[in-house]
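Contents: one structure, followed by commentary.
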Amino acid sequence: LPASSSDRPLPLSDSQPLPGSHHTSQRTGMAQSLPVSDGHTHATSQAAVSQSVGHGRGGGGGGVGSKERKLYIQKSITAARLNNNKLVHLTELPAFLSRFVINPLQSILWLDLSFNQLRGIDPVLVEFSELETLNLHCNQITKLSEVVKLRALRKLRTLSLLGNPIAISDKTHHFYRWYCIGALPSLKTFDHTLTSYEDRYAAVEWFRVHLIREQRRREEAERRAELLAAQQG
């Protein structure tokens with residue numbers, strides 16, 4: 001537990017509330033946790049503190065007949081930073097996070113997967129039902145259609161995808177932002193830039209028209225394929 005400003009240990013008694021917790025973030029393969037300032041919940045763990053019955057209540061601790069008890073302090077973990085880990089898939093992500101988080105699929109609100117080698121939106125991502133912030137910038141996502149999978153995350157408000165092939169490709173970069181915001185109109189921040197109501201409204205309309213055009217292209221391609229097959233037959 002953190003020490004007070006006078007460097008004296010803080011008492012832990014049934015009648016006194018616990019001090020504000022310090023939060024830590026976990027990195028893959030690292031057993032050491034990094035402190036984060038109070039008021040910004042990133043991640044925490046479960047701690048156990050031993051006390052002797054009667055200690056601090058007029059009785060001597062450690063005497064004959066004294067009993068040791070454990071006070072468990074439950075702290076909530078809401079964030080995970082897994083950037084720069086060369087990840088190519090996320091199949092084992094829930095199992096890994098469960099080593100540090102109780103029920104991670106419902107607990108994690110903030111997830112950083114930037115600077116990895118992900119080529120698409122892994123199906124396991126949409127299982128994090130409470131996710132509000134997702135960093136996927138600087139991966140290897142090549143298809144804009146992958147973004148649509150994130151519509152299952154109803155509470156997602158912040159997303160970053162810059163640095164992926166979909167953001168810099170000659171074929172998609174000129175409408176990449178319209179597509180992503182139109183597919184995910186609940187976003188308040190996209191690629192570290194705020195989205196206004198006007199942006200979201202225009203993007204949704206653009207996305208609707210885009211889907212209609214894509215459907216017509218597919219239907220036309222199917223008709224041509226049928227005609228070609230009939231001619232060859």
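All residue names refer to the structure tokens as shown: chains lettered A, B, ... in order, residues numbered from 1 in each chain, ligands numbered from 1 in order.
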
Check which residues of range 118-149 of chain A sit at most 12 Å from range 190-207 of chain A using only C-alpha atoms, and return one row each with the closest pair of atoms and their distance in Å to one decimal, ordered by chain and rising number, as JSON lines.
```
{"residue": "A:Thr133", "atom": "CA", "partner": "A:Phe190", "partner_atom": "CA", "distance": 10.1}
{"residue": "A:Leu134", "atom": "CA", "partner": "A:Phe190", "partner_atom": "CA", "distance": 10.0}
{"residue": "A:Asn135", "atom": "CA", "partner": "A:Asp191", "partner_atom": "CA", "distance": 8.8}
{"residue": "A:Leu136", "atom": "CA", "partner": "A:Asp191", "partner_atom": "CA", "distance": 9.5}
{"residue": "A:His137", "atom": "CA", "partner": "A:Asp191", "partner_atom": "CA", "distance": 8.0}
{"residue": "A:Cys138", "atom": "CA", "partner": "A:Asp191", "partner_atom": "CA", "distance": 11.1}
{"residue": "A:Leu144", "atom": "CA", "partner": "A:Phe207", "partner_atom": "CA", "distance": 12.0}
{"residue": "A:Ser145", "atom": "CA", "partner": "A:Phe207", "partner_atom": "CA", "distance": 11.7}
{"residue": "A:Val148", "atom": "CA", "partner": "A:Phe207", "partner_atom": "CA", "distance": 11.0}
```

For the selection just defined, write its residues with C-alpha atoms to a file, as a compact mmCIF listing (two decimals), in the first residue's frame.
```
# COMPACT_ATOMS: atom_id res chain seq x y z
CA THR A 133 -11.29 3.37 -26.08
CA LEU A 134 -9.38 1.24 -28.58
CA ASN A 135 -5.96 2.08 -30.01
CA LEU A 136 -5.10 0.14 -33.18
CA HIS A 137 -2.84 2.62 -34.93
CA CYS A 138 0.30 1.42 -36.70
CA LEU A 144 -11.72 -0.98 -44.66
CA SER A 145 -14.54 -3.47 -44.30
CA VAL A 148 -17.54 -2.50 -39.63
```

Exercise: range 112-122 of chain A partners within 8 Å, only C-alpha atoms, chain neighbours under 2 positions left out, as a VMD selection string: chain A and resid 80 to 91 110 124 to 126 134 to 143 146 to 147 149 to 150

Output C-alpha atoms for every residue in the selection just made, as a short mmCIF file (atom, residue, chain, number, x, y, z; two decimals), in the first residue's frame.
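Just written: out23.cif:
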```cif
data_model
loop_
_atom_site.label_atom_id
_atom_site.label_comp_id
_atom_site.auth_asym_id
_atom_site.auth_seq_id
_atom_site.Cartn_x
_atom_site.Cartn_y
_atom_site.Cartn_z
CA ALA A 80 -4.49 -2.76 -20.57
CA ARG A 81 -1.51 -1.50 -22.55
CA LEU A 82 -0.19 -4.15 -24.98
CA ASN A 83 1.44 -1.96 -27.59
CA ASN A 84 4.78 -2.79 -29.28
CA ASN A 85 4.50 -6.55 -28.76
CA LYS A 86 4.51 -7.83 -32.39
CA LEU A 87 1.09 -9.43 -31.88
CA VAL A 88 -0.39 -11.11 -34.97
CA HIS A 89 -3.60 -12.40 -33.37
CA LEU A 90 -5.56 -11.94 -30.14
CA THR A 91 -6.98 -15.41 -29.60
CA TRP A 110 -9.38 1.09 -22.39
CA VAL A 124 -12.19 -11.55 -29.78
CA LEU A 125 -12.09 -7.73 -29.74
CA VAL A 126 -15.85 -7.39 -30.08
CA LEU A 134 -9.38 1.24 -28.58
CA ASN A 135 -5.96 2.08 -30.01
CA LEU A 136 -5.10 0.14 -33.18
CA HIS A 137 -2.84 2.62 -34.93
CA CYS A 138 0.30 1.42 -36.70
CA ASN A 139 -0.79 -2.16 -37.36
CA GLN A 140 -1.25 -3.94 -40.72
CA ILE A 141 -5.01 -3.63 -41.32
CA THR A 142 -5.56 -3.64 -45.09
CA LYS A 143 -9.35 -3.82 -45.56
CA GLU A 146 -12.84 -4.77 -41.15
CA VAL A 147 -13.87 -1.56 -39.38
CA LYS A 149 -16.95 -5.36 -37.18
CA LEU A 150 -16.42 -2.79 -34.42
#
```

Shell of 12 Å around Arg208 in chain A, only C-alpha atoms, local chain residues under 3 positions omitted, as number ranges by chain: A: 178-179, 181-185, 201-205, 211-215

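If you look at CA of Asn164 in chain A and CA of Arg151 in chain A, they are 19.0 Å away from each other.
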
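When only C-alpha atoms are used to measure the gap to Pro123 in chain A, the shortest distance among A:Ala225, A:Ile102, A:Ala152, A:Ala95 belongs to A:Ala152.
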
Computed interatomic separation between CA of Glu92 in chain A and CA of Pro165 in chain A (Å):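 Interatomic distance, CA of Glu92 in chain A to CA of Pro165 in chain A: 24.9 Å.
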
Between CA of Gln231 in chain A and CA of Arg218 in chain A, distance in Å (one decimal):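 For CA of Gln231 in chain A relative to CA of Arg218 in chain A, the distance reads 20.1 Å.
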